[in-house]
>>> print(open('work-v5.txt').read())   # compact mmCIF, C-alpha atoms
# COMPACT_ATOMS: atom_id res chain seq x y z
CA MET T 1 0.00 0.00 0.00
CA GLN T 2 1.36 3.44 -0.95
CA ASN T 3 2.41 5.73 1.88
CA ARG T 4 0.17 8.74 1.34
CA LYS T 5 2.46 10.98 3.40
CA LYS T 6 5.45 10.23 1.17
CA ALA T 7 6.07 12.44 -1.84
CA PRO T 8 6.17 10.85 -5.29
CA ALA T 9 9.51 10.57 -7.09
CA GLY T 10 10.93 13.96 -8.02
CA MET T 11 8.75 15.78 -5.51
CA TYR T 12 9.00 17.06 -1.93
CA THR T 13 6.31 17.14 0.71
CA ALA T 14 5.64 20.59 2.17
CA ARG T 15 7.63 19.65 5.28
CA GLU T 16 10.60 18.53 3.18
CA ALA T 17 10.45 21.64 0.99
CA ILE T 18 10.36 23.92 4.04
CA ALA T 19 13.38 22.17 5.53
CA LYS T 20 15.28 22.35 2.23
CA ILE T 21 14.70 26.07 1.77
CA GLY T 22 15.17 26.88 5.46
CA VAL T 23 12.33 29.33 6.00
CA PRO T 24 9.53 29.35 8.58
CA SER T 25 6.40 27.49 7.45
CA THR T 26 4.38 30.73 7.46
CA ASN T 27 6.86 32.32 5.02
CA PHE T 28 6.82 29.21 2.86
CA TYR T 29 3.05 29.28 2.44
CA LYS T 30 3.18 33.00 1.68
CA LEU T 31 5.57 32.17 -1.17
CA VAL T 32 3.15 29.48 -2.34
CA LYS T 33 0.19 31.87 -2.17
CA ALA T 34 2.13 34.49 -4.13
CA GLY T 35 2.99 31.93 -6.81
CA THR T 36 6.74 32.13 -6.19
CA ILE T 37 6.67 28.44 -5.25
CA LYS T 38 4.16 26.25 -7.07
CA GLY T 39 2.58 23.17 -5.58
CA VAL T 40 1.04 20.25 -7.43
CA THR T 41 -1.95 18.34 -6.07
CA LEU T 42 -2.09 14.88 -7.59
CA PRO T 43 -5.33 13.00 -8.29
CA GLY T 44 -6.64 11.34 -5.16
CA ARG T 45 -4.45 13.47 -2.89
CA LYS T 46 -5.43 16.47 -0.76
CA GLU T 47 -1.94 17.71 0.08
CA ALA T 48 0.24 19.51 -2.43
CA PHE T 49 3.71 18.35 -3.43
CA TYR T 50 6.59 20.45 -4.76
CA SER T 51 9.06 19.85 -7.56
CA LYS T 52 12.50 18.91 -6.24
CA ILE T 53 14.13 20.72 -9.15
CA GLU T 54 12.30 23.95 -8.43
CA ILE T 55 12.76 23.77 -4.65
CA ASP T 56 16.47 22.92 -4.97
CA ARG T 57 16.90 25.81 -7.41
CA TYR T 58 15.21 28.19 -4.97
CA ALA T 59 17.36 26.93 -2.07
CA ARG T 60 20.52 27.45 -4.15
CA ALA T 61 19.40 30.98 -5.00
CA ILE T 62 19.03 31.78 -1.30
CA GLN T 63 22.47 30.36 -0.54
CA SER T 64 23.96 32.30 -3.44
CA TYR T 65 22.31 35.42 -2.04
CA ILE T 66 24.24 34.87 1.19
CA ASP T 67 27.49 33.81 -0.45
CA GLN T 68 27.79 36.91 -2.65
CA TYR T 69 29.34 38.71 0.31
CA ASN T 70 31.86 36.25 1.65
CA GLU T 71 34.82 36.77 3.92
CA GLN T 72 37.00 37.99 1.02
CA THR T 73 34.67 40.92 0.47
CA LEU T 74 33.27 41.73 3.91
CA THR T 75 34.74 41.55 7.41
CA PHE T 76 32.75 41.00 10.60
CA SER T 77 34.52 42.09 13.77
CA LEU T 78 34.15 43.45 17.27
CA ALA T 79 33.34 47.14 17.43
CA ILE T 80 35.69 49.56 19.15
CA LYS T 81 35.06 53.01 20.57
CA GLU T 82 36.23 54.71 17.37
CA ASP T 83 33.51 52.89 15.38
CA ILE T 84 30.62 54.37 17.35
CA PRO T 85 30.10 57.61 15.36
CA GLU T 86 29.84 55.59 12.14
CA ILE T 87 27.52 53.11 13.84
CA ARG T 88 25.23 55.94 14.90
CA ASP T 89 25.26 57.31 11.34
CA ILE T 90 23.97 53.95 10.05
CA VAL T 91 21.25 53.70 12.71
CA ALA T 92 20.16 57.33 12.28
CA GLU T 93 19.74 56.75 8.56
CA ALA T 94 17.61 53.65 9.26
CA VAL T 95 15.38 55.05 12.02
CA GLY T 96 15.00 58.65 10.89
CA GLY T 97 17.30 60.79 12.98
CA TYR T 98 20.01 60.87 15.63
CA GLU T 99 17.50 61.59 18.40
CA ARG T 100 16.32 57.98 18.01
CA THR T 101 19.80 56.46 18.22
CA ILE T 102 21.61 55.22 21.31
CA PRO T 103 23.95 57.97 22.59
CA GLN T 104 27.70 57.62 22.13
CA GLU T 105 28.37 57.34 25.86
CA ILE T 106 25.85 54.48 26.26
CA LEU T 107 27.40 52.45 23.46
CA GLU T 108 30.83 53.06 24.97
CA ALA T 109 29.52 51.79 28.31
CA TRP T 110 28.15 48.65 26.64
CA ILE T 111 31.55 47.91 25.12
CA ARG T 112 33.29 48.45 28.46
CA LYS T 113 30.83 46.13 30.24
CA ASN T 114 30.93 43.44 27.55
CA PRO T 115 33.54 43.97 24.80
CA GLU T 116 31.86 41.25 22.68
CA SER T 117 28.41 42.83 22.73
CA ILE T 118 28.75 44.99 19.62
CA HIS T 119 29.89 43.88 16.16
CA VAL T 120 30.32 45.68 12.85
CA LEU T 121 30.40 44.57 9.24
CA HIS T 122 33.12 46.26 7.17
CA ARG T 123 33.53 46.57 3.43
CA GLY T 124 37.12 47.66 3.27
CA ALA T 125 37.46 50.52 5.75
CA GLU T 126 33.74 51.38 5.59
CA ILE T 127 31.25 50.14 8.18
CA ILE T 128 28.12 49.00 6.36
CA GLY T 129 26.34 47.02 9.08
CA TYR T 130 26.09 46.79 12.85
CA ILE T 131 24.51 44.53 15.47
CA SER T 132 24.45 44.61 19.27
CA ILE T 133 23.72 41.45 21.28
CA LEU T 134 23.36 41.82 25.05
CA PRO T 135 23.21 38.97 27.58
CA LEU T 136 20.61 40.20 30.09
CA PRO T 137 18.39 38.93 32.91
CA LEU T 138 14.97 37.85 31.66
CA GLY T 139 13.24 40.49 33.79
CA THR T 140 15.19 43.28 32.14
CA ILE T 141 14.41 41.89 28.69
CA MET T 142 10.69 41.64 29.46
CA ASP T 143 10.66 45.26 30.64
CA ARG T 144 12.26 46.24 27.34
CA LEU T 145 9.79 44.18 25.29
CA ALA T 146 6.88 45.77 27.14
CA GLY T 147 8.22 49.27 26.49
CA LYS T 148 9.10 50.00 30.10
CA LEU T 149 12.75 50.43 29.12
CA MET T 150 14.37 51.99 26.08
CA ASN T 151 17.61 50.56 24.74
CA ARG T 152 19.42 53.60 26.11
CA THR T 153 17.94 53.06 29.61
CA ILE T 154 18.88 49.40 30.01
CA PRO T 155 20.85 49.31 33.29
CA ILE T 156 24.53 48.91 32.47
CA ASP T 157 25.01 46.63 35.48
CA ASP T 158 22.46 44.20 34.01
CA ILE T 159 24.67 43.51 30.98
CA GLN T 160 26.45 40.19 31.51
CA PRO T 161 29.66 38.78 29.95
CA PHE T 162 29.75 35.77 27.66
CA VAL T 163 30.88 33.34 30.34
CA PRO T 164 32.25 29.87 29.39
CA ASN T 165 30.10 26.86 30.29
CA LYS T 166 27.04 29.00 30.94
CA THR T 167 23.58 29.32 29.47
CA LEU T 168 22.50 32.91 28.83
CA ILE T 169 19.42 34.78 27.66
CA LEU T 170 20.22 37.20 24.84
CA TYR T 171 18.61 40.39 23.62
CA ILE T 172 19.37 41.78 20.15
CA ALA T 173 19.27 45.47 20.90
CA GLU T 174 19.90 46.80 17.40
CA ALA T 175 20.73 45.57 13.91
CA ALA T 176 21.09 47.90 10.95
CA ALA T 177 22.53 47.88 7.45
CA LYS T 178 23.57 51.02 5.62
CA GLN T 179 20.42 52.27 3.90
CA SER T 180 22.16 54.13 1.08
CA LEU T 181 23.54 50.89 -0.37
CA PRO T 182 21.52 49.45 -3.27
CA ASN T 183 22.18 45.93 -1.98
CA ARG T 184 21.32 46.64 1.66
CA LEU T 185 19.06 43.59 1.92
CA ARG T 186 21.96 41.34 0.93
CA ILE T 187 24.18 43.16 3.39
CA GLY T 188 21.52 42.61 6.05
CA GLY T 189 21.48 38.89 5.27
CA LYS T 190 25.26 38.71 5.61
CA LEU T 191 25.10 40.65 8.90
CA MET T 192 22.64 38.14 10.39
CA GLU T 193 24.67 35.20 9.09
CA GLU T 194 27.85 36.49 10.73
CA ALA T 195 26.04 37.24 13.99
CA MET T 196 24.87 33.62 14.09
CA ASN T 197 28.42 32.46 13.30
CA PHE T 198 29.58 34.43 16.35
CA LEU T 199 27.05 32.62 18.55
CA ILE T 200 28.05 29.27 17.04
CA ASN T 201 31.70 30.01 17.84
CA LEU T 202 30.74 30.73 21.45
CA VAL T 203 29.19 27.27 21.63
CA GLN T 204 32.12 25.52 19.99
CA GLN T 205 34.93 27.36 21.76
CA GLN T 206 33.64 27.91 25.28
CA LYS T 207 30.29 26.10 25.54
CA THR T 208 28.39 29.34 26.04
CA ILE T 209 24.87 28.88 24.68
CA ALA T 210 21.78 30.99 24.27
CA LYS T 211 18.75 29.52 25.98
CA GLU T 212 16.47 32.16 24.49
CA ILE T 213 16.94 35.13 22.14
CA TYR T 214 14.66 38.17 22.14
CA ALA T 215 14.39 41.29 20.00
CA VAL T 216 12.12 44.25 19.32
CA GLY T 217 11.56 45.01 15.65
CA THR T 218 11.21 48.78 15.14
CA THR T 219 12.17 49.12 11.46
CA PRO T 220 11.05 47.22 8.34
CA PHE T 221 14.55 45.68 8.15
CA GLY T 222 14.48 44.57 11.79
CA ILE T 223 10.98 43.11 11.58
CA ARG T 224 11.79 41.30 8.32
CA ALA T 225 15.06 39.94 9.74
CA CYS T 226 13.32 38.57 12.85
CA ARG T 227 10.64 36.86 10.80
CA SER T 228 13.15 35.37 8.35
CA LEU T 229 15.07 33.79 11.25
CA GLY T 230 11.90 32.27 12.66
CA PHE T 231 11.35 34.64 15.56
CA GLU T 232 7.80 34.44 16.93
CA GLU T 233 5.78 37.56 17.64
CA LEU T 234 4.96 37.88 21.34
CA ASN T 235 1.56 38.87 22.68
CA ILE T 236 2.57 41.89 24.74
CA PRO T 237 -0.18 44.47 24.05
CA GLU T 238 1.48 47.34 25.89
CA GLY T 239 4.68 46.86 23.89
CA THR T 240 3.23 46.18 20.45
CA ARG T 241 2.42 48.58 17.63
CA ALA T 242 2.48 48.30 13.87
CA ASP T 243 6.04 49.70 13.92
CA ARG T 244 7.13 47.99 17.16
CA ILE T 245 6.90 44.22 17.48
CA PRO T 246 8.47 42.16 20.32
CA PHE T 247 9.91 38.82 19.22
CA LYS T 248 11.26 35.61 20.74
CA LEU T 249 13.36 33.06 18.84
CA ASN T 250 12.31 29.46 19.39
CA ILE T 251 15.69 27.83 18.87
CA GLU T 252 14.34 24.28 19.12
CA ASN T 253 11.66 24.71 16.44
CA SER T 254 12.98 27.32 14.01
CA GLN T 255 13.53 25.99 10.50
CA SER T 256 15.88 28.78 9.44
CA LEU T 257 19.12 27.47 7.93
CA LEU T 258 21.13 29.72 10.23
CA VAL T 259 19.30 28.60 13.37
CA ASN T 260 19.55 24.96 12.27
CA ARG T 261 23.34 25.36 12.19
CA TYR T 262 23.28 26.85 15.69
CA ARG T 263 21.10 24.03 17.00
CA LYS T 264 23.41 21.42 15.45
CA ALA T 265 26.44 23.07 17.10
CA ILE T 266 24.74 22.68 20.47
CA GLU T 267 23.69 19.08 19.76
CA SER T 268 27.19 18.12 18.60
CA LEU T 269 28.59 18.98 22.00
CA GLN T 270 25.73 17.21 23.77
CA ILE T 271 24.92 20.37 25.71
CA THR T 272 21.63 20.34 27.58
CA LYS T 273 19.65 23.35 26.51
>>> encode(input="work-v5.txt", output="C-alpha cells")
Amino acid sequence: MQNRKKAPAGMYTAREAIAKIGVPSTNFYKLVKAGTIKGVTLPGRKEAFYSKIEIDRYARAIQSYIDQYNEQTLTFSLAIKEDIPEIRDIVAEAVGGYERTIPQEILEAWIRKNPESIHVLHRGAEIIGYISILPLPLGTIMDRLAGKLMNRTIPIDDIQPFVPNKTLILYIAEAAAKQSLPNRLRIGGKLMEEAMNFLINLVQQQKTIAKEIYAVGTTPFGIRACRSLGFEELNIPEGTRADRIPFKLNIENSQSLLVNRYRKAIESLQITK
C-alpha cells in the first residue's frame, strides 16, 4: 500500500520543501500563495507536493544570495570606541534621525561592560552594518519588550559577559545595514549570518549557549530579519504597535538554515539546553 504521506519521485512534501529552503512554514506558504513556489496536487491526494528541481533551485538561490558577500569581500569584527560615530550614522539613517539612536556614551559603556556585545560589518574601511547582542536577565528583557525600558535606559550593570560553560538569555538590541547601499538587503542577510556564526563560535569554543533570544523590531529591516530567522511575535499588548513588534526566537523549532546550524552546534557537544 502506498504511503500517502510520502512524496512521489521527483517531488518534496511541504515539510521537506520547508526544511530544504530553510524558511519558517508561514513564510513558505506566503511564497506558495504568491505563486513564487508552485505546488502540485495529484489526483486522489489532498496535500500539495513540490518539484524537487524547483525547490532545490530556490534553495541554491538563497544560498547564493548569502554567499555573494563572503569573507574575502566583507569583514565581521568586534566594534571599538572609534567605530561608534559611524555606527550611529547607520542607525540614524535607518530610524529617521540621531535623536532615536543610542547615545555615544551608552554604546561606549556597553563595550566596556561586555567587549563582545557589539559587532560591525566592514567593506574595506567602511562600516556597512552593525549589530548589538546583550546577555541580560529575563526580567530586564521583558521590561524592554513591554516598552518599560528603552535601549538607552537598560541598566549597564544588568549587561552580563559571555561566560564559558554558561547558558545565557540574549537580547538583540539593534541591527542595521547602511540604507544608502543598493544591496542593503543582501548586506543585512550577511550581517545576520555572521552574527549567528559568532554565537556558534561561542558554543564551539567555550560552551556558552543561548537559551532564548529576544528582540524588538522597530524598522522594516528589523521586523523582516526577525521573521526570516523564525522569531515568533509575542503577545505583549502594551509593547506592540504596527512599527514595534516584540519577538522571541524558538531555537528548538525554528527551520531557518542559520538557526539549524546553531542548533546542530549545540547538539554536537551534547549540551543540555
>>> atom_distance(input="work-v5.txt", atom1="atom CA of Leu249 of chain T", atom2="atom CA of Ile213 of chain T")
5.3 Å
>>> closest_residue(input="work-v5.txt", among="T:Gly10, T:Gly129, T:Pro115, T:Gly124", to="Glu194 of chain T", atoms="only C-alpha atoms")
T:Gly129
>>> closest_atom_pairs(input="work-v5.txt", of="segment 96-181 of chain T", to="segment 203-206 of chain T", cutoff="8 Å", atoms="all atoms listed in the file", output="tab-separated table")
residue	atom	partner	partner_atom	distance
T:Val163	CA	T:Gln206	CA	7.9
T:Pro164	CA	T:Gln206	CA	4.8
T:Asn165	CA	T:Gln206	CA	6.2
>>> residues_around(input="work-v5.txt", residues="Ile141 of chain T", least_positions_apart="2", cutoff="9 Å", atoms="all atoms listed in the file", output="list of chain:residue names")
T:Leu136, T:Pro137, T:Leu138, T:Gly139, T:Asp143, T:Arg144, T:Leu145, T:Ala146, T:Leu149, T:Ile154, T:Ile169, T:Leu170, T:Tyr171, T:Tyr214, T:Ala215
>>> closest_residue(input="work-v5.txt", among="T:Pro43, T:Gly189, T:Gly239, T:Pro220", to="Leu121 of chain T", atoms="only C-alpha atoms")
T:Gly189
>>> decode(input="work-v5.txt", residues="segment 25-74 of chain T", atoms="N, CA and C atoms", output="PDB file, in the first residue's frame")
ATOM      1  N   SER T  25       7.521  28.017   8.224  1.00  0.00           N
ATOM      2  CA  SER T  25       6.405  27.493   7.445  1.00  0.00           C
ATOM      3  C   SER T  25       5.461  28.605   6.989  1.00  0.00           C
ATOM      4  N   THR T  26       5.269  29.622   7.844  1.00  0.00           N
ATOM      5  CA  THR T  26       4.379  30.730   7.460  1.00  0.00           C
ATOM      6  C   THR T  26       4.921  31.454   6.238  1.00  0.00           C
ATOM      7  N   ASN T  27       6.237  31.666   6.177  1.00  0.00           N
ATOM      8  CA  ASN T  27       6.857  32.317   5.019  1.00  0.00           C
ATOM      9  C   ASN T  27       6.746  31.438   3.770  1.00  0.00           C
ATOM     10  N   PHE T  28       6.906  30.133   3.982  1.00  0.00           N
ATOM     11  CA  PHE T  28       6.817  29.207   2.857  1.00  0.00           C
ATOM     12  C   PHE T  28       5.438  29.290   2.192  1.00  0.00           C
ATOM     13  N   TYR T  29       4.399  29.267   3.019  1.00  0.00           N
ATOM     14  CA  TYR T  29       3.054  29.281   2.435  1.00  0.00           C
ATOM     15  C   TYR T  29       2.703  30.644   1.850  1.00  0.00           C
ATOM     16  N   LYS T  30       3.346  31.699   2.325  1.00  0.00           N
ATOM     17  CA  LYS T  30       3.184  33.000   1.685  1.00  0.00           C
ATOM     18  C   LYS T  30       3.786  32.963   0.278  1.00  0.00           C
ATOM     19  N   LEU T  31       4.946  32.313   0.146  1.00  0.00           N
ATOM     20  CA  LEU T  31       5.575  32.174  -1.166  1.00  0.00           C
ATOM     21  C   LEU T  31       4.705  31.338  -2.102  1.00  0.00           C
ATOM     22  N   VAL T  32       4.053  30.308  -1.541  1.00  0.00           N
ATOM     23  CA  VAL T  32       3.146  29.480  -2.342  1.00  0.00           C
ATOM     24  C   VAL T  32       1.947  30.305  -2.793  1.00  0.00           C
ATOM     25  N   LYS T  33       1.377  31.054  -1.858  1.00  0.00           N
ATOM     26  CA  LYS T  33       0.193  31.873  -2.171  1.00  0.00           C
ATOM     27  C   LYS T  33       0.516  32.918  -3.231  1.00  0.00           C
ATOM     28  N   ALA T  34       1.725  33.463  -3.163  1.00  0.00           N
ATOM     29  CA  ALA T  34       2.130  34.490  -4.130  1.00  0.00           C
ATOM     30  C   ALA T  34       2.501  33.898  -5.488  1.00  0.00           C
ATOM     31  N   GLY T  35       2.630  32.574  -5.549  1.00  0.00           N
ATOM     32  CA  GLY T  35       2.992  31.935  -6.806  1.00  0.00           C
ATOM     33  C   GLY T  35       4.478  31.808  -7.033  1.00  0.00           C
ATOM     34  N   THR T  36       5.282  32.259  -6.065  1.00  0.00           N
ATOM     35  CA  THR T  36       6.737  32.126  -6.188  1.00  0.00           C
ATOM     36  C   THR T  36       7.139  30.662  -6.163  1.00  0.00           C
ATOM     37  N   ILE T  37       6.488  29.893  -5.315  1.00  0.00           N
ATOM     38  CA  ILE T  37       6.674  28.443  -5.249  1.00  0.00           C
ATOM     39  C   ILE T  37       5.345  27.805  -5.642  1.00  0.00           C
ATOM     40  N   LYS T  38       5.390  26.856  -6.563  1.00  0.00           N
ATOM     41  CA  LYS T  38       4.160  26.249  -7.075  1.00  0.00           C
ATOM     42  C   LYS T  38       4.026  24.811  -6.582  1.00  0.00           C
ATOM     43  N   GLY T  39       2.875  24.511  -6.022  1.00  0.00           N
ATOM     44  CA  GLY T  39       2.579  23.170  -5.575  1.00  0.00           C
ATOM     45  C   GLY T  39       1.739  22.427  -6.593  1.00  0.00           C
ATOM     46  N   VAL T  40       1.812  21.100  -6.534  1.00  0.00           N
ATOM     47  CA  VAL T  40       1.038  20.248  -7.431  1.00  0.00           C
ATOM     48  C   VAL T  40       0.226  19.281  -6.574  1.00  0.00           C
ATOM     49  N   THR T  41      -1.080  19.276  -6.770  1.00  0.00           N
ATOM     50  CA  THR T  41      -1.950  18.345  -6.065  1.00  0.00           C
ATOM     51  C   THR T  41      -2.320  17.223  -7.028  1.00  0.00           C
ATOM     52  N   LEU T  42      -1.873  16.022  -6.715  1.00  0.00           N
ATOM     53  CA  LEU T  42      -2.091  14.880  -7.594  1.00  0.00           C
ATOM     54  C   LEU T  42      -3.488  14.304  -7.406  1.00  0.00           C
ATOM     55  N   PRO T  43      -4.006  13.615  -8.409  1.00  0.00           N
ATOM     56  CA  PRO T  43      -5.329  13.004  -8.290  1.00  0.00           C
ATOM     57  C   PRO T  43      -5.406  12.068  -7.079  1.00  0.00           C
ATOM     58  N   GLY T  44      -6.463  12.193  -6.331  1.00  0.00           N
ATOM     59  CA  GLY T  44      -6.644  11.343  -5.162  1.00  0.00           C
ATOM     60  C   GLY T  44      -5.907  11.812  -3.924  1.00  0.00           C
ATOM     61  N   ARG T  45      -5.189  12.923  -4.028  1.00  0.00           N
ATOM     62  CA  ARG T  45      -4.455  13.467  -2.886  1.00  0.00           C
ATOM     63  C   ARG T  45      -5.033  14.834  -2.514  1.00  0.00           C
ATOM     64  N   LYS T  46      -4.999  15.159  -1.227  1.00  0.00           N
ATOM     65  CA  LYS T  46      -5.433  16.471  -0.759  1.00  0.00           C
ATOM     66  C   LYS T  46      -4.258  17.423  -0.586  1.00  0.00           C
ATOM     67  N   GLU T  47      -3.099  16.867  -0.161  1.00  0.00           N
ATOM     68  CA  GLU T  47      -1.944  17.712   0.079  1.00  0.00           C
ATOM     69  C   GLU T  47      -1.192  17.987  -1.212  1.00  0.00           C
ATOM     70  N   ALA T  48      -0.552  19.141  -1.260  1.00  0.00           N
ATOM     71  CA  ALA T  48       0.240  19.507  -2.431  1.00  0.00           C
ATOM     72  C   ALA T  48       1.663  18.986  -2.277  1.00  0.00           C
ATOM     73  N   PHE T  49       2.309  18.715  -3.406  1.00  0.00           N
ATOM     74  CA  PHE T  49       3.715  18.354  -3.431  1.00  0.00           C
ATOM     75  C   PHE T  49       4.455  19.379  -4.287  1.00  0.00           C
ATOM     76  N   TYR T  50       5.798  19.383  -4.157  1.00  0.00           N
ATOM     77  CA  TYR T  50       6.592  20.455  -4.760  1.00  0.00           C
ATOM     78  C   TYR T  50       7.778  19.860  -5.504  1.00  0.00           C
ATOM     79  N   SER T  51       7.994  20.354  -6.691  1.00  0.00           N
ATOM     80  CA  SER T  51       9.055  19.845  -7.557  1.00  0.00           C
ATOM     81  C   SER T  51      10.417  19.983  -6.882  1.00  0.00           C
ATOM     82  N   LYS T  52      11.163  18.860  -6.838  1.00  0.00           N
ATOM     83  CA  LYS T  52      12.498  18.909  -6.242  1.00  0.00           C
ATOM     84  C   LYS T  52      13.408  19.850  -7.025  1.00  0.00           C
ATOM     85  N   ILE T  53      13.282  19.855  -8.331  1.00  0.00           N
ATOM     86  CA  ILE T  53      14.133  20.716  -9.149  1.00  0.00           C
ATOM     87  C   ILE T  53      13.902  22.176  -8.793  1.00  0.00           C
ATOM     88  N   GLU T  54      12.621  22.560  -8.703  1.00  0.00           N
ATOM     89  CA  GLU T  54      12.303  23.955  -8.430  1.00  0.00           C
ATOM     90  C   GLU T  54      12.684  24.345  -6.997  1.00  0.00           C
ATOM     91  N   ILE T  55      12.412  23.468  -6.042  1.00  0.00           N
ATOM     92  CA  ILE T  55      12.758  23.772  -4.649  1.00  0.00           C
ATOM     93  C   ILE T  55      14.264  23.842  -4.469  1.00  0.00           C
ATOM     94  N   ASP T  56      15.001  22.901  -5.075  1.00  0.00           N
ATOM     95  CA  ASP T  56      16.469  22.921  -4.967  1.00  0.00           C
ATOM     96  C   ASP T  56      17.038  24.176  -5.612  1.00  0.00           C
ATOM     97  N   ARG T  57      16.440  24.594  -6.732  1.00  0.00           N
ATOM     98  CA  ARG T  57      16.900  25.813  -7.407  1.00  0.00           C
ATOM     99  C   ARG T  57      16.677  27.036  -6.507  1.00  0.00           C
ATOM    100  N   TYR T  58      15.515  27.064  -5.850  1.00  0.00           N
ATOM    101  CA  TYR T  58      15.209  28.194  -4.970  1.00  0.00           C
ATOM    102  C   TYR T  58      16.155  28.204  -3.770  1.00  0.00           C
ATOM    103  N   ALA T  59      16.440  27.023  -3.205  1.00  0.00           N
ATOM    104  CA  ALA T  59      17.360  26.932  -2.070  1.00  0.00           C
ATOM    105  C   ALA T  59      18.761  27.394  -2.465  1.00  0.00           C
ATOM    106  N   ARG T  60      19.206  27.019  -3.667  1.00  0.00           N
ATOM    107  CA  ARG T  60      20.525  27.453  -4.147  1.00  0.00           C
ATOM    108  C   ARG T  60      20.557  28.963  -4.338  1.00  0.00           C
ATOM    109  N   ALA T  61      19.452  29.529  -4.805  1.00  0.00           N
ATOM    110  CA  ALA T  61      19.397  30.980  -4.998  1.00  0.00           C
ATOM    111  C   ALA T  61      19.550  31.706  -3.671  1.00  0.00           C
ATOM    112  N   ILE T  62      18.915  31.170  -2.624  1.00  0.00           N
ATOM    113  CA  ILE T  62      19.032  31.781  -1.300  1.00  0.00           C
ATOM    114  C   ILE T  62      20.476  31.693  -0.807  1.00  0.00           C
ATOM    115  N   GLN T  63      21.097  30.522  -0.983  1.00  0.00           N
ATOM    116  CA  GLN T  63      22.475  30.357  -0.535  1.00  0.00           C
ATOM    117  C   GLN T  63      23.412  31.272  -1.315  1.00  0.00           C
ATOM    118  N   SER T  64      23.152  31.404  -2.624  1.00  0.00           N
ATOM    119  CA  SER T  64      23.957  32.299  -3.444  1.00  0.00           C
ATOM    120  C   SER T  64      23.811  33.741  -2.974  1.00  0.00           C
ATOM    121  N   TYR T  65      22.592  34.075  -2.571  1.00  0.00           N
ATOM    122  CA  TYR T  65      22.306  35.417  -2.037  1.00  0.00           C
ATOM    123  C   TYR T  65      23.205  35.707  -0.838  1.00  0.00           C
ATOM    124  N   ILE T  66      23.396  34.705   0.014  1.00  0.00           N
ATOM    125  CA  ILE T  66      24.241  34.868   1.194  1.00  0.00           C
ATOM    126  C   ILE T  66      25.719  34.877   0.814  1.00  0.00           C
ATOM    127  N   ASP T  67      26.076  33.993  -0.126  1.00  0.00           N
ATOM    128  CA  ASP T  67      27.491  33.808  -0.453  1.00  0.00           C
ATOM    129  C   ASP T  67      28.087  34.948  -1.272  1.00  0.00           C
ATOM    130  N   GLN T  68      27.250  35.815  -1.835  1.00  0.00           N
ATOM    131  CA  GLN T  68      27.788  36.908  -2.647  1.00  0.00           C
ATOM    132  C   GLN T  68      28.731  37.794  -1.844  1.00  0.00           C
ATOM    133  N   TYR T  69      28.515  37.849  -0.539  1.00  0.00           N
ATOM    134  CA  TYR T  69      29.337  38.709   0.311  1.00  0.00           C
ATOM    135  C   TYR T  69      30.084  37.830   1.302  1.00  0.00           C
ATOM    136  N   ASN T  70      31.110  37.163   0.802  1.00  0.00           N
ATOM    137  CA  ASN T  70      31.860  36.251   1.649  1.00  0.00           C
ATOM    138  C   ASN T  70      32.989  36.981   2.362  1.00  0.00           C
ATOM    139  N   GLU T  71      33.782  36.181   3.072  1.00  0.00           N
ATOM    140  CA  GLU T  71      34.823  36.768   3.919  1.00  0.00           C
ATOM    141  C   GLU T  71      35.876  37.557   3.130  1.00  0.00           C
ATOM    142  N   GLN T  72      36.030  37.267   1.824  1.00  0.00           N
ATOM    143  CA  GLN T  72      37.002  37.990   1.018  1.00  0.00           C
ATOM    144  C   GLN T  72      36.533  39.411   0.721  1.00  0.00           C
ATOM    145  N   THR T  73      35.224  39.620   0.797  1.00  0.00           N
ATOM    146  CA  THR T  73      34.668  40.925   0.469  1.00  0.00           C
ATOM    147  C   THR T  73      34.341  41.731   1.720  1.00  0.00           C
ATOM    148  N   LEU T  74      33.732  41.072   2.706  1.00  0.00           N
ATOM    149  CA  LEU T  74      33.269  41.728   3.915  1.00  0.00           C
ATOM    150  C   LEU T  74      33.958  41.144   5.139  1.00  0.00           C
TER     151      LEU T  74
END
